[in-house]
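data.csv follows; it contains CSV, N, CA and C atoms.
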chain,number,residue,atom,x,y,z
D,1,MET,N,103.4,-21.3,-80.2
D,1,MET,CA,102.9,-22.6,-80.1
D,1,MET,C,103.6,-23.5,-81.1
D,2,ASP,N,104.6,-23.1,-81.7
D,2,ASP,CA,105.3,-23.9,-82.7
D,2,ASP,C,105.7,-25.3,-82.1
D,3,GLY,N,105.1,-26.3,-82.7
D,3,GLY,CA,105.5,-27.6,-82.3
D,3,GLY,C,104.8,-28.1,-81.1
D,4,ARG,N,104.1,-27.3,-80.4
D,4,ARG,CA,103.4,-27.7,-79.2
D,4,ARG,C,102.2,-28.6,-79.5
D,5,VAL,N,101.8,-29.4,-78.5
D,5,VAL,CA,100.6,-30.3,-78.6
D,5,VAL,C,99.6,-29.8,-77.6
D,6,LEU,N,98.4,-29.8,-78.0
D,6,LEU,CA,97.3,-29.5,-77.0
D,6,LEU,C,96.6,-30.8,-76.6
D,7,ALA,N,96.6,-31.0,-75.3
D,7,ALA,CA,96.0,-32.1,-74.7
D,7,ALA,C,94.7,-31.6,-73.9
D,8,ILE,N,93.6,-32.2,-74.2
D,8,ILE,CA,92.3,-31.8,-73.7
D,8,ILE,C,91.9,-32.9,-72.7
D,9,VAL,N,91.5,-32.4,-71.5
D,9,VAL,CA,91.0,-33.3,-70.4
D,9,VAL,C,89.6,-32.8,-70.1
D,10,GLU,N,88.6,-33.7,-70.3
D,10,GLU,CA,87.2,-33.2,-70.1
D,10,GLU,C,86.5,-33.9,-68.9
D,11,ARG,N,87.0,-34.9,-68.4
D,11,ARG,CA,86.3,-35.6,-67.3
D,11,ARG,C,87.2,-35.6,-66.1
D,12,GLY,N,86.8,-35.0,-65.0
D,12,GLY,CA,87.5,-35.1,-63.8
D,12,GLY,C,87.3,-36.5,-63.2
D,13,TYR,N,88.3,-37.0,-62.6
D,13,TYR,CA,88.2,-38.4,-62.1
D,13,TYR,C,88.4,-38.2,-60.6
D,14,ARG,N,87.4,-38.7,-59.8
D,14,ARG,CA,87.4,-38.5,-58.4
D,14,ARG,C,88.4,-39.4,-57.6
D,15,GLY,N,89.0,-40.4,-58.3
D,15,GLY,CA,90.1,-41.1,-57.7
D,15,GLY,C,89.7,-42.5,-57.3
D,16,ALA,N,90.6,-43.4,-57.2
D,16,ALA,CA,90.5,-44.7,-56.7
D,16,ALA,C,91.9,-45.2,-56.3
D,17,LEU,N,91.9,-46.3,-55.5
D,17,LEU,CA,93.1,-46.8,-55.1
D,17,LEU,C,94.0,-47.2,-56.2
D,18,GLU,N,93.5,-47.7,-57.3
D,18,GLU,CA,94.3,-48.2,-58.4
D,18,GLU,C,94.9,-47.0,-59.1
D,19,LYS,N,94.3,-45.8,-59.0
D,19,LYS,CA,94.8,-44.7,-59.7
D,19,LYS,C,95.9,-43.9,-59.0
D,20,GLN,N,96.2,-44.3,-57.8
D,20,GLN,CA,97.2,-43.6,-57.0
D,20,GLN,C,98.6,-43.5,-57.6
D,21,PHE,N,98.9,-44.4,-58.5
D,21,PHE,CA,100.3,-44.5,-59.0
D,21,PHE,C,100.4,-43.9,-60.4
D,22,PHE,N,99.3,-43.7,-61.1
D,22,PHE,CA,99.4,-43.1,-62.5
D,22,PHE,C,98.0,-42.5,-62.8
D,23,ASP,N,98.0,-41.3,-63.3
D,23,ASP,CA,96.8,-40.6,-63.8
D,23,ASP,C,97.1,-39.8,-65.0
D,24,GLU,N,96.1,-39.2,-65.6
D,24,GLU,CA,96.3,-38.4,-66.8
D,24,GLU,C,97.3,-37.3,-66.7
D,25,LEU,N,97.4,-36.7,-65.5
D,25,LEU,CA,98.4,-35.6,-65.3
D,25,LEU,C,99.8,-36.1,-65.2
D,26,TYR,N,100.0,-37.3,-64.7
D,26,TYR,CA,101.3,-37.9,-64.7
D,26,TYR,C,101.7,-38.3,-66.1
D,27,LEU,N,100.7,-38.8,-66.9
D,27,LEU,CA,101.0,-39.1,-68.3
D,27,LEU,C,101.3,-37.8,-69.1
D,28,ALA,N,100.7,-36.7,-68.7
D,28,ALA,CA,100.9,-35.4,-69.4
D,28,ALA,C,102.4,-35.0,-69.2
D,29,THR,N,102.9,-35.2,-68.0
D,29,THR,CA,104.3,-34.9,-67.7
D,29,THR,C,105.2,-35.6,-68.7
D,30,GLU,N,105.0,-36.9,-68.9
D,30,GLU,CA,105.8,-37.6,-69.9
D,30,GLU,C,105.6,-37.2,-71.3
D,31,LEU,N,104.3,-36.9,-71.7
D,31,LEU,CA,104.0,-36.5,-73.0
D,31,LEU,C,104.7,-35.1,-73.3
D,32,HIS,N,104.7,-34.2,-72.3
D,32,HIS,CA,105.4,-32.9,-72.5
D,32,HIS,C,106.9,-33.2,-72.7
D,33,ARG,N,107.5,-34.1,-72.0
D,33,ARG,CA,108.9,-34.3,-72.2
D,33,ARG,C,109.2,-35.0,-73.5
D,34,GLN,N,108.4,-36.0,-73.9
D,34,GLN,CA,108.6,-36.7,-75.1
D,34,GLN,C,108.2,-36.0,-76.4
D,35,LEU,N,107.2,-35.2,-76.3
D,35,LEU,CA,106.7,-34.5,-77.5
D,35,LEU,C,107.2,-33.1,-77.7
D,36,GLY,N,108.0,-32.6,-76.8
D,36,GLY,CA,108.7,-31.4,-76.9
D,36,GLY,C,107.8,-30.1,-76.6
D,37,GLY,N,106.8,-30.3,-75.9
D,37,GLY,CA,106.0,-29.2,-75.5
D,37,GLY,C,104.5,-29.5,-75.5
D,38,LEU,N,103.8,-29.2,-74.4
D,38,LEU,CA,102.4,-29.5,-74.2
D,38,LEU,C,101.7,-28.4,-73.6
D,39,ASP,N,100.5,-28.2,-74.0
D,39,ASP,CA,99.5,-27.3,-73.3
D,39,ASP,C,98.3,-28.2,-72.9
D,40,ILE,N,97.7,-27.9,-71.8
D,40,ILE,CA,96.5,-28.7,-71.4
D,40,ILE,C,95.3,-27.8,-71.3
D,41,LEU,N,94.2,-28.2,-71.8
D,41,LEU,CA,93.0,-27.5,-71.7
D,41,LEU,C,92.0,-28.4,-70.8
D,42,LEU,N,91.6,-27.8,-69.7
D,42,LEU,CA,90.6,-28.5,-68.8
D,42,LEU,C,89.2,-28.0,-69.2
D,43,ARG,N,88.3,-29.0,-69.4
D,43,ARG,CA,86.9,-28.6,-69.7
D,43,ARG,C,86.1,-29.6,-68.9
D,44,GLY,N,84.8,-29.3,-68.9
D,44,GLY,CA,83.8,-30.2,-68.2
D,44,GLY,C,84.2,-30.3,-66.8
D,45,SER,N,84.0,-31.5,-66.2
D,45,SER,CA,84.2,-31.7,-64.8
D,45,SER,C,85.7,-31.7,-64.5
D,46,ALA,N,86.6,-31.8,-65.5
D,46,ALA,CA,88.0,-31.7,-65.2
D,46,ALA,C,88.5,-30.3,-64.7
D,47,VAL,N,87.6,-29.3,-64.9
D,47,VAL,CA,88.0,-28.0,-64.4
D,47,VAL,C,88.1,-28.0,-62.9
D,48,SER,N,87.5,-28.9,-62.2
D,48,SER,CA,87.7,-29.0,-60.8
D,48,SER,C,89.1,-29.2,-60.4
D,49,TYR,N,90.0,-29.8,-61.2
D,49,TYR,CA,91.4,-29.9,-61.0
D,49,TYR,C,92.1,-28.6,-60.7
D,50,ALA,N,91.6,-27.5,-61.3
D,50,ALA,CA,92.2,-26.2,-61.3
D,50,ALA,C,91.8,-25.4,-60.1
D,51,VAL,N,90.7,-25.8,-59.4
D,51,VAL,CA,90.3,-25.0,-58.2
D,51,VAL,C,91.3,-25.2,-57.1
D,52,ASP,N,91.8,-24.1,-56.6
D,52,ASP,CA,92.8,-24.1,-55.5
D,52,ASP,C,92.1,-24.5,-54.2
D,53,ALA,N,92.3,-25.7,-53.8
D,53,ALA,CA,91.7,-26.3,-52.6
D,53,ALA,C,92.8,-26.9,-51.7
D,54,GLY,N,92.5,-27.3,-50.6
D,54,GLY,CA,93.5,-27.9,-49.7
D,54,GLY,C,93.9,-29.3,-50.2
D,55,PRO,N,94.9,-29.8,-49.5
D,55,PRO,CA,95.4,-31.2,-49.9
D,55,PRO,C,94.3,-32.2,-49.8
D,56,VAL,N,94.5,-33.3,-50.6
D,56,VAL,CA,93.5,-34.4,-50.6
D,56,VAL,C,93.6,-35.1,-49.2
D,57,PRO,N,92.5,-35.2,-48.6
D,57,PRO,CA,92.5,-35.9,-47.2
D,57,PRO,C,92.7,-37.4,-47.4
D,58,ALA,N,93.2,-38.0,-46.3
D,58,ALA,CA,93.4,-39.4,-46.2
D,58,ALA,C,92.0,-40.1,-46.3
D,59,LEU,N,92.0,-41.3,-46.8
D,59,LEU,CA,90.8,-42.1,-46.9
D,59,LEU,C,90.9,-43.2,-45.8
D,60,ARG,N,89.8,-43.4,-45.1
D,60,ARG,CA,89.8,-44.4,-44.0
D,60,ARG,C,88.8,-45.5,-44.5
D,61,ILE,N,89.4,-46.7,-44.7
D,61,ILE,CA,88.6,-47.9,-45.1
D,61,ILE,C,88.7,-48.9,-44.1
D,62,GLY,N,87.7,-49.1,-43.3
D,62,GLY,CA,87.8,-50.1,-42.2
D,62,GLY,C,88.9,-49.7,-41.2
D,63,GLY,N,89.8,-50.5,-41.0
D,63,GLY,CA,90.9,-50.2,-40.1
D,63,GLY,C,92.2,-49.7,-40.8
D,64,ARG,N,92.0,-49.4,-42.1
D,64,ARG,CA,93.2,-49.0,-42.9
D,64,ARG,C,93.0,-47.5,-43.3
D,65,THR,N,94.1,-46.8,-43.2
D,65,THR,CA,94.1,-45.4,-43.7
D,65,THR,C,95.0,-45.4,-45.0
D,66,VAL,N,94.4,-44.8,-46.1
D,66,VAL,CA,95.1,-44.6,-47.3
D,66,VAL,C,95.4,-43.2,-47.5
D,67,ASP,N,96.7,-42.8,-47.5
D,67,ASP,CA,97.1,-41.4,-47.6
D,67,ASP,C,98.0,-41.2,-48.8
D,68,THR,N,97.9,-42.0,-49.8
D,68,THR,CA,98.7,-41.9,-51.0
D,68,THR,C,97.9,-41.6,-52.3
D,69,LEU,N,96.7,-41.1,-52.1
D,69,LEU,CA,95.9,-40.7,-53.2
D,69,LEU,C,96.4,-39.5,-54.0
D,70,THR,N,96.3,-39.5,-55.3
D,70,THR,CA,96.8,-38.4,-56.1
D,70,THR,C,96.0,-37.1,-55.8
D,71,ASP,N,96.7,-36.0,-56.0
D,71,ASP,CA,96.1,-34.7,-55.8
D,71,ASP,C,96.3,-34.0,-57.1
D,72,PRO,N,95.2,-33.8,-57.9
D,72,PRO,CA,95.3,-33.1,-59.2
D,72,PRO,C,95.9,-31.7,-59.1
D,73,ARG,N,95.6,-31.0,-58.0
D,73,ARG,CA,96.2,-29.6,-57.9
D,73,ARG,C,97.7,-29.7,-57.9
D,74,GLN,N,98.3,-30.7,-57.2
D,74,GLN,CA,99.7,-30.9,-57.1
D,74,GLN,C,100.2,-31.3,-58.5
D,75,GLY,N,99.5,-32.1,-59.2
D,75,GLY,CA,99.8,-32.5,-60.5
D,75,GLY,C,99.9,-31.3,-61.5
D,76,LEU,N,98.9,-30.4,-61.3
D,76,LEU,CA,99.0,-29.2,-62.2
D,76,LEU,C,100.2,-28.3,-61.8
D,77,ARG,N,100.5,-28.2,-60.6
D,77,ARG,CA,101.6,-27.4,-60.2
D,77,ARG,C,102.9,-28.0,-60.7
D,78,THR,N,103.0,-29.3,-60.7
D,78,THR,CA,104.2,-29.9,-61.3
D,78,THR,C,104.3,-29.7,-62.8
D,79,LEU,N,103.2,-29.7,-63.5
D,79,LEU,CA,103.2,-29.5,-64.9
D,79,LEU,C,103.5,-28.0,-65.2
D,80,LEU,N,103.0,-27.1,-64.4
D,80,LEU,CA,103.3,-25.7,-64.6
D,80,LEU,C,104.8,-25.4,-64.4
D,81,GLU,N,105.4,-26.0,-63.4
D,81,GLU,CA,106.8,-25.9,-63.2
D,81,GLU,C,107.6,-26.4,-64.3
D,82,ALA,N,107.1,-27.4,-65.0
D,82,ALA,CA,107.8,-28.0,-66.2
D,82,ALA,C,107.6,-27.2,-67.5
D,83,GLY,N,106.8,-26.2,-67.4
D,83,GLY,CA,106.6,-25.3,-68.6
D,83,GLY,C,105.3,-25.7,-69.4
D,84,VAL,N,104.4,-26.5,-68.8
D,84,VAL,CA,103.2,-26.8,-69.5
D,84,VAL,C,102.2,-25.7,-69.2
D,85,ALA,N,101.5,-25.1,-70.2
D,85,ALA,CA,100.5,-24.1,-70.0
D,85,ALA,C,99.2,-24.9,-69.7
D,86,ILE,N,98.6,-24.5,-68.6
D,86,ILE,CA,97.3,-25.0,-68.2
D,86,ILE,C,96.2,-24.0,-68.4
D,87,LEU,N,95.2,-24.4,-69.2
D,87,LEU,CA,94.1,-23.5,-69.6
D,87,LEU,C,92.8,-24.2,-69.0
D,88,VAL,N,91.9,-23.3,-68.6
D,88,VAL,CA,90.6,-23.8,-68.1
D,88,VAL,C,89.5,-23.0,-68.6
D,89,GLU,N,88.4,-23.6,-69.1
D,89,GLU,CA,87.4,-22.8,-69.7
D,89,GLU,C,86.5,-22.2,-68.7
D,90,GLU,N,86.3,-20.9,-68.7
D,90,GLU,CA,85.5,-20.1,-67.7
D,90,GLU,C,84.1,-20.6,-67.6
D,91,PRO,N,83.3,-20.9,-68.7
D,91,PRO,CA,81.9,-21.3,-68.5
D,91,PRO,C,81.8,-22.6,-67.7
D,92,ASP,N,82.8,-23.5,-67.8
D,92,ASP,CA,82.8,-24.8,-67.0
D,92,ASP,C,83.1,-24.5,-65.6
D,93,LEU,N,84.0,-23.5,-65.3
D,93,LEU,CA,84.2,-23.1,-63.9
D,93,LEU,C,83.0,-22.5,-63.3
D,94,THR,N,82.3,-21.7,-64.0
D,94,THR,CA,81.0,-21.1,-63.6
D,94,THR,C,80.0,-22.2,-63.3
D,95,ALA,N,79.9,-23.1,-64.2
D,95,ALA,CA,78.9,-24.2,-64.0
D,95,ALA,C,79.2,-25.1,-62.8
D,96,LEU,N,80.5,-25.2,-62.5
D,96,LEU,CA,80.9,-25.9,-61.3
D,96,LEU,C,80.5,-25.2,-60.0
D,97,GLY,N,80.4,-23.9,-60.1
D,97,GLY,CA,80.1,-23.1,-59.0
D,97,GLY,C,81.2,-22.9,-58.0
D,98,ALA,N,82.5,-22.9,-58.5
D,98,ALA,CA,83.7,-22.9,-57.7
D,98,ALA,C,83.8,-21.5,-57.1
D,99,ALA,N,83.8,-21.5,-55.7
D,99,ALA,CA,84.0,-20.2,-55.0
D,99,ALA,C,85.4,-19.9,-54.8
D,100,ARG,N,86.3,-20.8,-55.0
D,100,ARG,CA,87.7,-20.6,-54.7
D,100,ARG,C,88.4,-20.1,-56.1
D,101,PRO,N,89.5,-19.5,-56.0
D,101,PRO,CA,90.3,-19.1,-57.2
D,101,PRO,C,90.9,-20.4,-57.8
D,102,VAL,N,91.5,-20.2,-59.0
D,102,VAL,CA,92.2,-21.3,-59.6
D,102,VAL,C,93.6,-21.3,-59.1
D,103,VAL,N,94.3,-22.5,-59.3
D,103,VAL,CA,95.7,-22.6,-58.9
D,103,VAL,C,96.5,-21.6,-59.6
D,104,GLU,N,97.4,-21.0,-58.9
D,104,GLU,CA,98.3,-19.9,-59.4
D,104,GLU,C,99.0,-20.4,-60.7
D,105,GLY,N,98.9,-19.7,-61.8
D,105,GLY,CA,99.6,-20.1,-63.0
D,105,GLY,C,98.6,-20.6,-64.0
D,106,VAL,N,97.4,-21.1,-63.6
D,106,VAL,CA,96.4,-21.6,-64.5
D,106,VAL,C,95.7,-20.4,-65.2
D,107,ARG,N,95.5,-20.5,-66.5
D,107,ARG,CA,94.9,-19.4,-67.2
D,107,ARG,C,93.5,-19.7,-67.5
D,108,VAL,N,92.6,-18.8,-67.2
D,108,VAL,CA,91.1,-19.0,-67.5
D,108,VAL,C,90.9,-18.4,-68.9
D,109,THR,N,90.2,-19.2,-69.7
D,109,THR,CA,89.9,-18.7,-71.1
D,109,THR,C,88.4,-18.7,-71.3
D,110,ALA,N,88.0,-17.9,-72.3
D,110,ALA,CA,86.6,-17.8,-72.6
D,110,ALA,C,86.2,-19.0,-73.4
D,111,ALA,N,84.9,-19.3,-73.5
D,111,ALA,CA,84.4,-20.4,-74.2
D,111,ALA,C,84.9,-20.3,-75.7
D,112,GLY,N,85.4,-21.4,-76.2
D,112,GLY,CA,85.9,-21.5,-77.6
D,112,GLY,C,87.2,-20.8,-77.9
D,113,GLU,N,87.7,-20.1,-77.0
D,113,GLU,CA,89.0,-19.3,-77.2
D,113,GLU,C,90.1,-20.3,-77.6
D,114,THR,N,90.3,-21.3,-76.9
D,114,THR,CA,91.3,-22.3,-77.3
D,114,THR,C,91.0,-23.1,-78.5
D,115,ALA,N,89.8,-23.4,-78.7
D,115,ALA,CA,89.4,-24.2,-79.9
D,115,ALA,C,89.7,-23.3,-81.2
D,116,ALA,N,89.5,-22.0,-81.1
D,116,ALA,CA,89.8,-21.2,-82.2
D,116,ALA,C,91.3,-21.2,-82.6
D,117,ARG,N,92.2,-21.7,-81.7
D,117,ARG,CA,93.6,-21.7,-82.0
D,117,ARG,C,94.1,-23.1,-82.2
D,118,TRP,N,93.2,-24.1,-82.3
D,118,TRP,CA,93.7,-25.5,-82.5
D,118,TRP,C,94.6,-25.6,-83.7
D,119,GLN,N,94.4,-24.9,-84.8
D,119,GLN,CA,95.2,-25.1,-86.0
D,119,GLN,C,96.6,-24.7,-85.8
D,120,ALA,N,96.9,-23.9,-84.7
D,120,ALA,CA,98.2,-23.5,-84.4
D,120,ALA,C,99.1,-24.6,-83.7
D,121,TYR,N,98.4,-25.6,-83.2
D,121,TYR,CA,99.1,-26.7,-82.6
D,121,TYR,C,99.4,-27.8,-83.6
D,122,ARG,N,100.5,-28.4,-83.3
D,122,ARG,CA,101.0,-29.5,-84.2
D,122,ARG,C,100.0,-30.7,-84.1
D,123,MET,N,99.4,-30.9,-82.9
D,123,MET,CA,98.5,-32.0,-82.7
D,123,MET,C,97.6,-31.7,-81.6
D,124,VAL,N,96.3,-32.2,-81.6
D,124,VAL,CA,95.4,-32.0,-80.5
D,124,VAL,C,95.0,-33.5,-80.1
D,125,ILE,N,95.1,-33.7,-78.8
D,125,ILE,CA,94.8,-35.1,-78.3
D,125,ILE,C,93.9,-34.9,-77.1
D,126,PHE,N,93.1,-36.0,-76.8
D,126,PHE,CA,92.3,-36.0,-75.7
D,126,PHE,C,92.9,-37.1,-74.7
D,127,LEU,N,93.0,-36.6,-73.4
D,127,LEU,CA,93.5,-37.5,-72.4
D,127,LEU,C,92.4,-38.0,-71.5
What does the file become when written as structure tokens?
Amino acid sequence: MDGRVLAIVERGYRGALEKQFFDELYLATELHRQLGGLDILLRGSAVSYAVDAGPVPALRIGGRTVDTLTDPRQGLRTLLEAGVAILVEEPDLTALGAARPVVEGVRVTAAGETAARWQAYRMVIFL
């Protein structure tokens, strides 16, 4: 973890049209590049990002179809490919009641496991 930064995401965001061009996972991609290494811990409702589900469906508003909404699972896959470690706390997954497995490459951790290693990170930030 030498020099790596831990970014914590605690609130899952269900999306909006304004969010389709930029979200915290897109920001994490840039932070990883600029800070020289990033790990992400998903907690709270943000653990829903890690549940392996189908693609985000298009949204129909009146006569218009919006099919450009962000997909957090795809964002996680992009981060994993870039070398970002994605951690998700098991108690929050259990509380979510997720019946599906997590996205391949995401590591499930016990409660407090990552917090016990905070001092090993150069910096801890919340996204």
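In terms of minimum interatomic distance to Leu31 of chain D, D:Ile125 ranks closest within D:Ile125, D:Leu69, D:Leu76, D:Leu87, counting only C-alpha atoms.
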From D:Thr78, D:Thr70, D:Ala110, D:Gly3, residue lying nearest Thr29 of chain D [all atoms listed in the file]: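 Ranked by minimum distance to Thr29 of chain D, first place goes to D:Thr78.
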Nearby residues (only N, CA and C atoms) at most 6.5 Å from Glu89 of chain D, same-chain spacing under 6 positions excluded, as a list in words: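 The residues that qualify are Leu41, Leu42, Arg43, Val47, Val108, Thr109, Ala110 and Ala111 of chain D.
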Residue nearest Leu35 of chain D among D:Val5, D:Val88, D:Glu113, D:Val102 (counting only C-alpha atoms):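 Closest residue, counting only C-alpha atoms: D:Val5.
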Nearby residues (only N, CA and C atoms) at most 7 Å from Leu6 of chain D, same-chain spacing under 3 positions excluded, as a PyMOL selection string: chain D and resi 37-41+121-126
Coordinates-based distance that separates atom CA of Thr94 of chain D from atom CA of Arg11 of chain D (Å, one decimal):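 Separating atom CA of Arg11 of chain D from atom CA of Thr94 of chain D is a distance of 15.9 Å.
You will find atom CA of Pro57 of chain D at 17.7 Å from atom CA of Arg100 of chain D.
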Separation of atom N of Val66 of chain D from atom N of Ala53 of chain D in Å: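 Separation of atom N of Ala53 of chain D and atom N of Val66 of chain D: 20.7 Å.
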Pick from D:Ala98, D:Val103, D:Leu79, D:Ala50, whichever lies nearest to Tyr26 of chain D using only C-alpha atoms: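 Result for the nearest residue to Tyr26 of chain D: D:Leu79.
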Residue with smallest distance to Arg77 of chain D - pool D:Gln119, D:Ala46, D:Gly12, D:Val51, counting only C-alpha atoms: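 Checking each candidate against Arg77 of chain D, we get D:Val51 as the closest.
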Nearest-residue call for Glu10 of chain D, choices D:Asp92, D:Gly44, D:His32, D:Asp67, using all atoms listed in the file: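 Among D:Asp92, D:Gly44, D:His32, D:Asp67, it is D:Gly44 that comes nearest to Glu10 of chain D.
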Residues of segment 17-111 of chain D in strand (DSSP E), written as a ChimeraX atom specification: /D:38-42,59-61,64-66,85-89,107-109
DSSP alpha helix (DSSP H) residues within chain D, listed as an NGL selection string: :D and (24-35 or 72-81 or 90-96)
